[in-house]
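Colleague: Dropping in structure.tsv, with TSV, C-alpha atoms.
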```tsv
chain	number	residue	atom	x	y	z
A	1	MET	CA	78.71	-29.97	57.82
A	2	ILE	CA	78.05	-33.51	56.61
A	3	CYS	CA	80.84	-34.97	58.73
A	4	ASP	CA	79.81	-33.24	61.97
A	5	THR	CA	80.13	-35.77	64.83
A	6	ASP	CA	78.02	-33.75	67.25
A	7	PRO	CA	74.74	-35.60	67.92
A	8	GLU	CA	72.93	-32.23	68.02
A	9	LEU	CA	74.70	-31.02	64.84
A	10	GLY	CA	75.40	-27.59	66.31
A	11	GLY	CA	78.24	-26.87	63.87
A	12	ALA	CA	76.20	-28.15	60.90
A	13	VAL	CA	73.37	-25.72	61.71
A	14	GLN	CA	75.78	-22.77	61.72
A	15	LEU	CA	77.40	-23.86	58.47
A	16	MET	CA	73.98	-24.22	56.86
A	17	GLY	CA	73.23	-20.60	57.78
A	18	LEU	CA	76.46	-19.49	56.11
A	19	LEU	CA	75.62	-21.43	52.96
A	20	ARG	CA	72.20	-19.82	52.76
A	21	THR	CA	73.79	-16.40	52.99
A	22	LEU	CA	76.26	-17.25	50.23
A	23	VAL	CA	73.70	-18.56	47.74
A	24	ASP	CA	71.13	-15.84	48.44
A	25	PRO	CA	70.86	-13.71	45.25
A	26	GLU	CA	69.89	-10.67	47.30
A	27	ASN	CA	73.35	-10.65	48.89
A	28	MET	CA	75.19	-10.82	45.57
A	29	LEU	CA	76.54	-7.53	44.28
A	30	ALA	CA	75.26	-6.43	40.88
A	31	THR	CA	78.11	-5.94	38.42
A	32	ALA	CA	78.21	-4.00	35.16
A	33	ASN	CA	77.89	-7.06	32.92
A	34	LYS	CA	75.51	-8.84	35.36
A	35	THR	CA	77.17	-12.21	34.68
A	36	GLU	CA	78.88	-12.75	38.02
A	37	LYS	CA	75.69	-13.94	39.69
A	38	THR	CA	74.93	-16.40	36.90
A	39	GLU	CA	78.51	-17.67	36.87
A	40	PHE	CA	78.56	-18.19	40.61
A	41	LEU	CA	75.26	-20.10	40.64
A	42	GLY	CA	76.41	-22.21	37.68
A	43	PHE	CA	79.62	-23.07	39.53
A	44	PHE	CA	77.71	-23.88	42.75
A	45	TYR	CA	75.24	-26.28	41.10
A	46	LYS	CA	77.98	-27.94	39.06
A	47	HIS	CA	80.61	-28.50	41.75
A	48	CYS	CA	78.91	-28.15	45.16
A	49	MET	CA	75.26	-29.19	45.03
A	50	HIS	CA	75.96	-32.88	44.55
A	51	VAL	CA	78.08	-32.86	47.72
A	52	LEU	CA	75.15	-31.45	49.73
A	53	THR	CA	72.60	-33.86	48.30
A	54	ALA	CA	74.85	-36.94	48.68
A	55	PRO	CA	73.43	-37.95	52.10
A	56	LEU	CA	69.89	-37.58	50.73
A	57	LEU	CA	70.55	-39.68	47.64
A	58	ALA	CA	72.37	-42.32	49.67
A	59	ASN	CA	69.56	-42.72	52.19
A	60	THR	CA	66.63	-42.86	49.73
A	61	THR	CA	67.57	-45.66	47.35
A	62	GLU	CA	64.54	-47.70	48.40
A	63	ASP	CA	60.89	-46.96	49.27
A	64	LYS	CA	61.88	-46.28	52.89
A	65	PRO	CA	64.84	-44.42	54.38
A	66	SER	CA	67.86	-46.68	54.77
A	67	LYS	CA	68.91	-45.03	58.04
A	68	ASP	CA	66.22	-43.48	60.22
A	69	ASP	CA	68.12	-42.50	63.36
A	70	PHE	CA	67.76	-39.05	64.89
A	71	GLN	CA	71.17	-37.69	63.80
A	72	THR	CA	70.65	-38.72	60.18
A	73	ALA	CA	67.11	-37.35	60.19
A	74	GLN	CA	68.33	-34.01	61.53
A	75	LEU	CA	71.07	-33.82	58.88
A	76	LEU	CA	68.58	-34.60	56.11
A	77	ALA	CA	66.23	-31.95	57.51
A	78	LEU	CA	69.02	-29.35	57.14
A	79	VAL	CA	69.64	-30.45	53.55
A	80	LEU	CA	65.93	-30.20	52.74
A	81	GLU	CA	65.80	-26.72	54.25
A	82	LEU	CA	68.59	-25.58	51.93
A	83	LEU	CA	66.91	-27.21	48.91
A	84	THR	CA	63.62	-25.49	49.76
A	85	PHE	CA	65.42	-22.15	49.92
A	86	CYS	CA	66.97	-22.78	46.50
A	87	VAL	CA	63.57	-23.65	44.99
A	88	GLU	CA	62.25	-20.29	46.17
A	89	HIS	CA	65.19	-18.14	45.04
A	90	HIS	CA	66.90	-20.03	42.18
A	91	THR	CA	64.44	-20.66	39.41
A	92	TYR	CA	66.39	-21.92	36.45
A	93	HIS	CA	69.31	-23.81	38.01
A	94	ILE	CA	67.38	-25.64	40.72
A	95	LYS	CA	64.62	-26.62	38.27
A	96	ASN	CA	67.07	-28.34	35.96
A	97	TYR	CA	68.80	-30.01	38.88
A	98	ILE	CA	65.57	-31.39	40.42
A	99	ILE	CA	64.19	-32.74	37.15
A	100	ASN	CA	67.49	-34.22	35.92
A	101	LYS	CA	68.43	-35.84	39.24
A	102	ASP	CA	64.83	-36.84	40.14
A	103	ILE	CA	65.30	-35.09	43.49
A	104	LEU	CA	61.58	-34.79	44.36
A	105	ARG	CA	61.02	-38.54	44.20
A	106	ARG	CA	63.96	-39.12	46.53
A	107	VAL	CA	62.72	-36.45	48.92
A	108	LEU	CA	59.20	-37.94	49.12
A	109	VAL	CA	60.67	-41.24	50.30
A	110	LEU	CA	61.29	-39.45	53.58
A	111	MET	CA	57.50	-39.17	54.06
A	112	ALA	CA	57.69	-42.71	55.45
A	113	SER	CA	60.16	-41.69	58.18
A	114	LYS	CA	59.21	-42.27	61.78
A	115	HIS	CA	60.39	-38.74	62.59
A	116	ALA	CA	57.49	-36.35	62.00
A	117	PHE	CA	59.71	-33.28	61.55
A	118	LEU	CA	61.58	-35.00	58.67
A	119	ALA	CA	58.33	-36.02	56.95
A	120	LEU	CA	57.06	-32.45	57.30
A	121	CYS	CA	60.29	-31.08	55.76
A	122	ALA	CA	59.77	-33.36	52.73
A	123	LEU	CA	56.13	-32.21	52.44
A	124	ARG	CA	57.17	-28.57	52.72
A	125	PHE	CA	59.63	-29.06	49.88
A	126	LYS	CA	56.89	-30.37	47.58
A	127	ARG	CA	54.45	-27.64	48.71
A	128	LYS	CA	57.00	-24.99	47.73
A	129	ILE	CA	57.32	-26.51	44.25
A	130	ILE	CA	53.52	-26.65	43.75
A	131	GLY	CA	53.24	-23.06	44.98
A	132	LEU	CA	55.28	-21.86	42.01
A	133	LYS	CA	52.50	-23.08	39.64
A	134	ASP	CA	55.13	-23.93	37.06
A	135	GLU	CA	53.92	-26.31	34.36
A	136	PHE	CA	57.38	-27.90	34.04
A	137	TYR	CA	57.19	-28.98	37.67
A	138	ASN	CA	53.54	-30.03	37.25
A	139	ARG	CA	54.31	-32.29	34.29
A	140	TYR	CA	57.22	-33.79	36.19
A	141	ILE	CA	54.94	-34.53	39.17
A	142	MET	CA	52.21	-36.10	37.02
A	143	LYS	CA	54.63	-38.13	34.94
A	144	SER	CA	56.28	-39.68	38.01
A	145	PHE	CA	53.00	-40.01	40.04
A	146	LEU	CA	54.56	-38.10	42.91
A	147	PHE	CA	51.25	-37.61	44.75
A	148	GLU	CA	51.22	-41.26	45.72
A	149	PRO	CA	53.63	-40.95	48.72
A	150	VAL	CA	51.58	-37.98	49.98
A	151	VAL	CA	48.26	-39.83	49.73
A	152	LYS	CA	49.76	-42.87	51.49
A	153	ALA	CA	51.03	-40.70	54.33
A	154	PHE	CA	47.59	-39.06	54.60
A	155	LEU	CA	45.80	-42.44	54.79
A	156	ASN	CA	48.35	-43.86	57.25
A	157	ASN	CA	47.83	-40.86	59.50
A	158	GLY	CA	44.16	-41.86	59.73
A	159	SER	CA	41.72	-39.65	61.59
A	160	ARG	CA	44.36	-38.09	63.81
A	161	TYR	CA	44.12	-34.32	63.76
A	162	ASN	CA	47.76	-33.26	63.75
A	163	LEU	CA	50.21	-31.14	61.78
A	164	MET	CA	50.72	-33.76	59.09
A	165	ASN	CA	46.97	-33.99	58.46
A	166	SER	CA	46.54	-30.22	58.26
A	167	ALA	CA	49.57	-29.71	55.98
A	168	ILE	CA	48.40	-32.30	53.45
A	169	ILE	CA	44.85	-30.91	53.37
A	170	GLU	CA	46.23	-27.38	52.92
A	171	MET	CA	48.25	-28.49	49.89
A	172	PHE	CA	45.18	-29.98	48.17
A	173	GLU	CA	43.15	-26.92	49.12
A	174	PHE	CA	45.73	-24.70	47.44
A	175	ILE	CA	45.37	-26.74	44.24
A	176	ARG	CA	41.58	-26.32	44.38
A	177	VAL	CA	41.55	-22.60	45.17
A	178	GLU	CA	44.19	-21.70	42.58
A	179	ASP	CA	42.40	-23.95	40.06
A	180	ILE	CA	45.54	-25.73	38.83
A	181	LYS	CA	43.73	-27.75	36.19
A	182	SER	CA	46.45	-30.27	35.36
A	183	LEU	CA	47.05	-31.29	38.99
A	184	THR	CA	43.31	-31.33	39.74
A	185	ALA	CA	42.66	-33.77	36.92
A	186	HIS	CA	45.64	-35.91	37.93
A	187	VAL	CA	44.55	-36.20	41.56
A	188	ILE	CA	40.91	-37.02	40.81
A	189	GLU	CA	41.68	-39.50	38.04
A	190	ASN	CA	44.25	-41.45	40.06
A	191	TYR	CA	43.45	-40.99	43.77
A	192	TRP	CA	39.72	-40.19	44.01
A	193	LYS	CA	38.73	-43.67	45.21
A	194	ALA	CA	41.13	-43.39	48.14
A	195	LEU	CA	39.95	-39.85	49.06
A	196	GLU	CA	36.20	-39.94	48.40
A	197	ASP	CA	35.42	-41.19	51.93
A	198	VAL	CA	37.03	-38.11	53.52
A	199	ASP	CA	34.01	-36.01	54.44
A	200	TYR	CA	35.14	-33.98	57.48
A	201	VAL	CA	36.52	-31.41	55.03
A	202	GLN	CA	35.09	-30.31	51.68
A	203	THR	CA	38.50	-30.05	49.98
A	204	PHE	CA	38.38	-33.31	48.04
A	205	LYS	CA	34.73	-32.88	47.05
A	206	GLY	CA	35.64	-29.41	45.83
A	207	LEU	CA	38.42	-30.92	43.73
A	208	LYS	CA	35.92	-33.38	42.27
A	209	LEU	CA	33.56	-30.52	41.40
A	210	ARG	CA	36.38	-28.61	39.71
A	211	PHE	CA	37.25	-31.69	37.68
A	212	GLU	CA	33.64	-32.17	36.54
A	213	GLN	CA	33.41	-28.54	35.49
A	214	GLN	CA	36.57	-28.93	33.42
A	215	ARG	CA	35.11	-32.00	31.72
A	216	GLU	CA	31.92	-30.10	30.92
A	217	ARG	CA	33.90	-27.28	29.33
A	218	GLN	CA	35.89	-29.73	27.25
A	219	ASP	CA	32.77	-31.61	26.11
A	220	ASN	CA	30.74	-28.47	25.44
A	221	PRO	CA	32.90	-25.53	24.35
A	222	LYS	CA	29.79	-23.38	23.78
A	223	LEU	CA	28.93	-23.68	27.45
A	224	ASP	CA	32.40	-22.46	28.37
A	225	SER	CA	32.07	-19.46	26.06
A	226	MET	CA	28.65	-18.65	27.54
A	227	ARG	CA	30.08	-18.68	31.05
A	228	SER	CA	32.85	-16.36	30.00
A	229	ILE	CA	30.26	-13.97	28.57
A	230	LEU	CA	28.26	-14.08	31.80
A	231	ARG	CA	31.40	-13.36	33.78
A	232	ASN	CA	31.89	-10.25	31.69
A	233	HIS	CA	28.29	-9.17	32.53
A	234	ARG	CA	27.52	-8.43	28.86
A	235	TYR	CA	25.75	-10.16	26.04
A	236	ARG	CA	26.70	-8.88	22.60
A	237	ARG	CA	25.05	-10.06	19.43
A	238	ASP	CA	26.24	-9.51	15.90
A	239	ALA	CA	26.80	-5.80	15.31
A	240	ARG	CA	24.62	-5.89	12.21
A	241	THR	CA	21.58	-7.02	14.18
A	242	LEU	CA	21.89	-4.47	16.97
A	243	GLU	CA	19.09	-1.99	17.24
A	244	ASP	CA	19.73	1.66	17.98
A	245	GLU	CA	18.63	1.48	21.58
A	246	GLU	CA	20.73	-1.58	22.36
A	247	GLU	CA	23.75	-0.03	20.68
A	248	MET	CA	23.41	3.07	22.85
A	249	TRP	CA	23.17	0.86	25.93
A	250	PHE	CA	26.30	-1.10	25.00
A	251	ASN	CA	28.24	2.09	24.26
A	252	THR	CA	27.47	3.45	27.72
A	253	ASP	CA	30.47	3.27	29.98
A	254	GLU	CA	29.58	1.46	33.19
A	255	ASP	CA	32.23	3.39	35.16
A	256	ASP	CA	30.54	6.72	34.33
A	257	MET	CA	27.24	5.57	35.78
A	258	GLU	CA	26.54	6.66	39.30
A	259	ASP	CA	25.86	4.13	42.02
A	260	GLY	CA	22.24	3.05	42.00
A	261	GLU	CA	21.52	4.61	38.63
A	262	ALA	CA	19.18	2.51	36.52
A	263	VAL	CA	19.71	1.95	32.82
A	264	VAL	CA	16.67	3.20	30.89
A	265	SER	CA	16.22	2.81	27.17
A	266	PRO	CA	15.51	5.97	25.12
A	267	SER	CA	11.99	4.80	24.22
A	268	ASP	CA	11.12	4.35	27.88
A	269	LYS	CA	12.55	7.79	28.58
A	270	THR	CA	10.29	9.48	26.02
A	271	LYS	CA	7.29	7.62	27.36
A	272	ASN	CA	7.96	8.72	30.89
A	273	ASP	CA	8.71	12.38	30.06
A	274	ASP	CA	5.02	13.36	29.83
A	275	ASP	CA	4.21	11.54	33.05
A	276	ILE	CA	7.05	13.33	34.81
A	277	MET	CA	6.28	16.84	33.43
A	278	ASP	CA	2.57	16.75	34.33
A	279	PRO	CA	3.05	16.78	38.13
A	280	ILE	CA	5.93	19.23	37.73
A	281	SER	CA	3.72	21.76	35.89
A	282	LYS	CA	1.01	21.40	38.53
A	283	PHE	CA	3.55	21.96	41.25
A	284	MET	CA	4.85	25.14	39.55
A	285	GLU	CA	1.31	26.54	39.21
A	286	ARG	CA	0.61	25.94	42.88
A	287	LYS	CA	3.92	27.58	43.74
A	288	LYS	CA	3.13	30.71	41.67
A	289	LEU	CA	-0.32	31.00	43.26
A	290	LYS	CA	1.15	30.71	46.70
A	291	GLU	CA	3.78	33.38	45.93
A	292	SER	CA	1.07	35.83	44.70
A	293	GLU	CA	-0.92	35.29	47.89
A	294	GLU	CA	2.17	35.90	50.00
A	295	LYS	CA	2.83	39.18	48.12
A	296	GLU	CA	-0.70	40.42	48.84
A	297	VAL	CA	-0.37	39.60	52.53
A	298	LEU	CA	3.02	41.32	52.63
A	299	LEU	CA	1.59	44.47	50.98
A	300	LYS	CA	-1.23	44.67	53.51
A	301	THR	CA	1.25	44.16	56.33
A	302	ASN	CA	3.43	47.02	55.05
A	303	LEU	CA	0.43	49.37	54.81
A	304	SER	CA	-0.66	48.58	58.34
A	305	GLY	CA	2.92	49.01	59.61
A	306	ARG	CA	3.18	52.57	58.22
A	307	GLN	CA	0.07	53.81	60.09
A	308	SER	CA	0.68	56.21	62.96
A	309	PRO	CA	-0.99	55.83	66.38
A	310	SER	CA	-3.50	58.55	65.36
A	311	PHE	CA	-4.86	56.33	62.53
A	312	LYS	CA	-8.67	56.27	62.80
A	313	LEU	CA	-11.10	54.01	61.04
A	314	SER	CA	-14.73	54.81	60.30
A	315	LEU	CA	-17.39	52.76	58.48
A	316	SER	CA	-18.93	54.25	55.40
A	317	SER	CA	-22.22	53.28	53.87
A	318	GLY	CA	-20.80	52.14	50.52
A	319	THR	CA	-19.72	55.60	49.34
A	320	LYS	CA	-16.22	57.05	49.43
A	321	THR	CA	-15.96	60.18	51.63
A	322	ASN	CA	-13.05	62.54	51.94
A	323	LEU	CA	-12.48	63.74	55.47
A	324	THR	CA	-10.81	67.05	56.05
A	325	SER	CA	-10.00	68.95	59.17
A	326	GLN	CA	-9.71	72.72	59.33
A	327	SER	CA	-8.41	74.76	62.22
A	328	PRO	CA	-10.01	78.13	63.08
A	329	ALA	CA	-6.76	79.86	62.46
A	330	THR	CA	-6.83	79.05	58.80
A	331	ASN	CA	-9.92	81.28	58.17
A	332	LEU	CA	-8.43	84.36	59.76
A	333	PRO	CA	-7.21	87.06	57.45
A	334	GLY	CA	-3.52	87.31	57.30
A	335	SER	CA	-3.03	83.73	58.24
A	336	PRO	CA	-0.93	81.52	56.01
A	337	GLY	CA	-3.92	79.63	54.78
A	338	SER	CA	-6.05	82.67	53.84
A	339	PRO	CA	-6.18	83.75	50.18
A	340	GLY	CA	-4.16	86.73	49.27
A	341	SER	CA	-1.64	86.27	52.03
A	342	PRO	CA	1.96	85.66	51.10
A	343	GLY	CA	1.92	82.15	52.53
A	344	SER	CA	-1.44	81.13	51.11
A	345	PRO	CA	-1.70	78.41	48.50
A	346	GLY	CA	-3.03	80.92	46.00
A	347	SER	CA	0.08	83.00	46.02
A	348	PRO	CA	2.86	81.81	43.72
A	349	GLY	CA	6.02	80.38	45.21
A	350	SER	CA	4.56	79.86	48.67
A	351	VAL	CA	4.51	76.52	50.45
A	352	PRO	CA	2.19	75.77	53.40
A	353	LYS	CA	4.43	74.63	56.22
A	354	ASN	CA	2.37	75.04	59.41
A	355	THR	CA	-0.69	73.12	58.33
A	356	SER	CA	-0.94	69.45	59.29
A	357	GLN	CA	-1.51	67.14	56.33
A	358	THR	CA	-4.30	64.60	56.21
A	359	ALA	CA	-4.91	61.60	53.95
A	360	ALA	CA	-8.06	59.56	53.38
A	361	ILE	CA	-7.81	55.79	52.72
A	362	THR	CA	-10.77	53.82	51.37
A	363	THR	CA	-10.81	50.00	51.15
A	364	LYS	CA	-13.08	47.67	49.17
A	365	GLY	CA	-15.24	46.88	52.21
A	366	GLY	CA	-16.07	50.54	52.70
A	367	LEU	CA	-13.55	51.06	55.45
A	368	VAL	CA	-12.19	54.62	55.48
A	369	GLY	CA	-9.08	55.61	57.37
A	370	LEU	CA	-7.83	59.05	58.22
A	371	VAL	CA	-4.15	59.55	58.76
A	372	ASP	CA	-2.93	62.66	60.50
A	373	TYR	CA	0.69	63.66	59.95
A	374	PRO	CA	1.51	66.17	62.72
A	375	ASP	CA	4.21	68.77	62.26
A	376	ASP	CA	7.14	68.32	64.58
A	377	ASP	CA	8.52	71.85	64.12
A	378	GLU	CA	5.33	73.91	64.61
A	379	ASP	CA	7.08	76.70	66.53
A	380	ASP	CA	9.67	77.17	63.80
A	381	ASP	CA	6.96	77.26	61.16
A	382	GLU	CA	4.97	79.92	63.09
A	383	ASP	CA	8.06	82.13	63.34
A	384	GLU	CA	8.65	81.80	59.63
A	385	ASP	CA	4.99	82.67	58.90
A	386	LYS	CA	5.21	85.72	61.11
A	387	GLU	CA	8.37	86.76	59.34
A	388	ASP	CA	6.59	86.51	55.99
A	389	THR	CA	3.66	88.73	57.16
A	390	LEU	CA	5.74	91.55	58.73
A	391	PRO	CA	6.60	94.71	56.78
A	392	LEU	CA	10.10	95.02	55.41
A	393	SER	CA	11.29	97.48	58.10
A	394	LYS	CA	10.02	95.34	60.91
A	395	LYS	CA	11.28	92.27	59.09
A	396	ALA	CA	14.82	93.59	59.04
A	397	LYS	CA	14.56	94.44	62.71
A	398	PHE	CA	13.12	91.03	63.44
A	399	GLU	CA	16.02	89.36	61.64
A	400	SER	CA	18.58	91.36	63.60
```
As structure tokens, please, write out the structure in this file.
Modeller:
Amino acid sequence: MICDTDPELGGAVQLMGLLRTLVDPENMLATANKTEKTEFLGFFYKHCMHVLTAPLLANTTEDKPSKDDFQTAQLLALVLELLTFCVEHHTYHIKNYIINKDILRRVLVLMASKHAFLALCALRFKRKIIGLKDEFYNRYIMKSFLFEPVVKAFLNNGSRYNLMNSAIIEMFEFIRVEDIKSLTAHVIENYWKALEDVDYVQTFKGLKLRFEQQRERQDNPKLDSMRSILRNHRYRRDARTLEDEEEMWFNTDEDDMEDGEAVVSPSDKTKNDDDIMDPISKFMERKKLKESEEKEVLLKTNLSGRQSPSFKLSLSSGTKTNLTSQSPATNLPGSPGSPGSPGSPGSPGSVPKNTSQTAAITTKGGLVGLVDYPDDDEDDDEDEDKEDTLPLSKKAKFES
């Protein structure tokens, strides 16, 4: 791969793909003792990694790349791609190799290359290391002042809005958003004067604000503790000084409260109970009164609905009068209504069946109603009355 004479490095690209497949831990089979993977990576970093990084170390002995032709730049880009892959997937071995061999400093020398793709590969390598948020890497970066090549490349790029500009700003924005305190303090303390004039983005001013907040917390620890209490949305005093109402409020689980439910102290609840019950009692009284009125109206409606078409109303002069109707047939001797006859009311065991029943209804206003209940089976009743009045001999004949 390193000795490929093709100007386009076609064979080197294919070999790099094979190497990535070999060193990928996901492609390594898990054994019973789980030591094969560790042994293979240990062998690779001890006997093979220095061969891959040899072109990089040879070309970055100074502050600028020794050879900056296209073929060398493309080969170094392939090496940086493999190193970036190892940073992502090999935590322990690549960390020791980078720190012991000072690989990151050598890689950042390529930021001064005239080939933009090679400078972006070097920046991507550092961005991958910062993305791990590992304090070992952070201390190594701060100790060696490895932000200096990045800041120089950013200033040399000027006001041009290109991929280099966006990638550098994104790296500083990641430090601000993730609140990496050590790197934030390092950047502001050492490079703020060079970056304070950049005002088309708020990234560097945001870093400055983060740094000032850290200084305030360090100078005033009480302020930091107060902010942490406010973030927890609770203020708790000494348990001995808590009153009963406050203790009940603190013991209330916020998750059990319904959305929009207000927290009311017990004293306020007792004060408001009387105010709440007063309108409720008035409402219940009005409801009972309304129900009694509806029952009266319903009773009157039922009485009027039971009246037959022959219902007659007559006005009385304040006195209750019973109206009766008598037919001429009831006064005749031998009729069912006459006394002494078998069907008369005076005789025991007899029931008047042919007489129509009447009822008198008197209201408070003096309105009297007469209801006539006609008999539907008058013919059958007359036959039965005749049967009762006939002698026994004729009655037997009548039945036959």
Colleague: Mind pulling up the distance from atom CA of Lys128 of chain A to atom CA of Val51 of chain A?
Modeller: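 A separation of 22.5 Å between them.
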Colleague: Calculate how many Å separate atom CA of His93 of chain A from atom CA of Tyr45 of chain A, rounding to one decimal.
Modeller: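 Computing it gives 7.1 Å between the two atoms.
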Colleague: Using all atoms listed in the file, find all polymer residues with an atom at most 12 Å away from the point (45.9, -21.5, 48.5); report them as a ChimeraX atom specification.
Modeller: /A:127-128,130-133,167,169-180,203
Colleague: If I put a ball of radius 9 Å at (73.8, -17.0, 42.6) in the file's coordinates, which residues poke into it when counting only C-alpha atoms, written as a short mmCIF file (atom, residue, chain, number, x, y, z; two decimals) with C-alpha atoms, in the frame of the given file?
Modeller:
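That gives us out16.cif:
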```cif
data_model
loop_
_atom_site.label_atom_id
_atom_site.label_comp_id
_atom_site.auth_asym_id
_atom_site.auth_seq_id
_atom_site.Cartn_x
_atom_site.Cartn_y
_atom_site.Cartn_z
CA LEU A 22 76.26 -17.25 50.23
CA VAL A 23 73.70 -18.56 47.74
CA ASP A 24 71.13 -15.84 48.44
CA PRO A 25 70.86 -13.71 45.25
CA GLU A 26 69.89 -10.67 47.30
CA ASN A 27 73.35 -10.65 48.89
CA MET A 28 75.19 -10.82 45.57
CA GLU A 36 78.88 -12.75 38.02
CA LYS A 37 75.69 -13.94 39.69
CA THR A 38 74.93 -16.40 36.90
CA GLU A 39 78.51 -17.67 36.87
CA PHE A 40 78.56 -18.19 40.61
CA LEU A 41 75.26 -20.10 40.64
CA GLY A 42 76.41 -22.21 37.68
CA PHE A 43 79.62 -23.07 39.53
CA PHE A 44 77.71 -23.88 42.75
CA HIS A 90 66.90 -20.03 42.18
#
```
Colleague: Out of A:Ile129, A:Leu75, A:Thr35, A:Lys114, which residue has the shortest atom-to-atom distance to Gly10 of chain A when counting only C-alpha atoms?
Modeller: A:Leu75
Colleague: Choose the residue, out of A:Ala185, A:Leu195, A:Leu163, A:Val107, that has the smallest atom-to-atom separation from Asn138 of chain A; count all atoms listed in the file.
Modeller: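 Once distances to Asn138 of chain A are computed over all atoms listed in the file, the minimum belongs to A:Ala185.
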Colleague: Measuring atom to atom with only C-alpha atoms, identify which of A:Met164, A:Ile98, A:Leu83, A:Leu183 is nearest to Arg139 of chain A.
Modeller: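 Counting only C-alpha atoms, the residue closest to Arg139 of chain A is A:Leu183.
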Colleague: What does the distance from atom CA of Leu15 of chain A to atom CA of Met1 of chain A come to in Å, to one decimal?
Modeller: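 Pair atom CA of Leu15 of chain A / atom CA of Met1 of chain A returns 6.3 Å.
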Colleague: Around all the atoms of segment 172-175 of chain A listed in the file, with 6 Å of room on each side, what axis-aligned box do you get, giving centre and edge lengths in Å to one decimal, as lines of an AutoDock Vina configuration file?
Modeller:
```
center_x = 44.4
center_y = -27.3
center_z = 46.7
size_x = 14.6
size_y = 17.3
size_z = 16.9
```
Colleague: For Cys121 of chain A, which residue among A:Val79, A:Leu57, A:Leu19, A:Met49 is the nearest when counting only C-alpha atoms?
Modeller: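 The closest residue to Cys121 of chain A is A:Val79.
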Colleague: Nearest to Tyr92 of chain A: which of A:Asp69, A:Leu123, A:Tyr200, A:Phe136 is it, counting all atoms listed in the file?
Modeller: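 Closest to Tyr92 of chain A of all the choices is A:Phe136.
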Colleague: Set the distance at 12 Å and use all atoms listed in the file: which residues neighbour Ala58 of chain A once local chain neighbours fewer than 5 positions away are removed? I'd like the list as a PyMOL selection string.
Modeller: chain A and resi 50-53+64-67+72+76+103+106-107+109
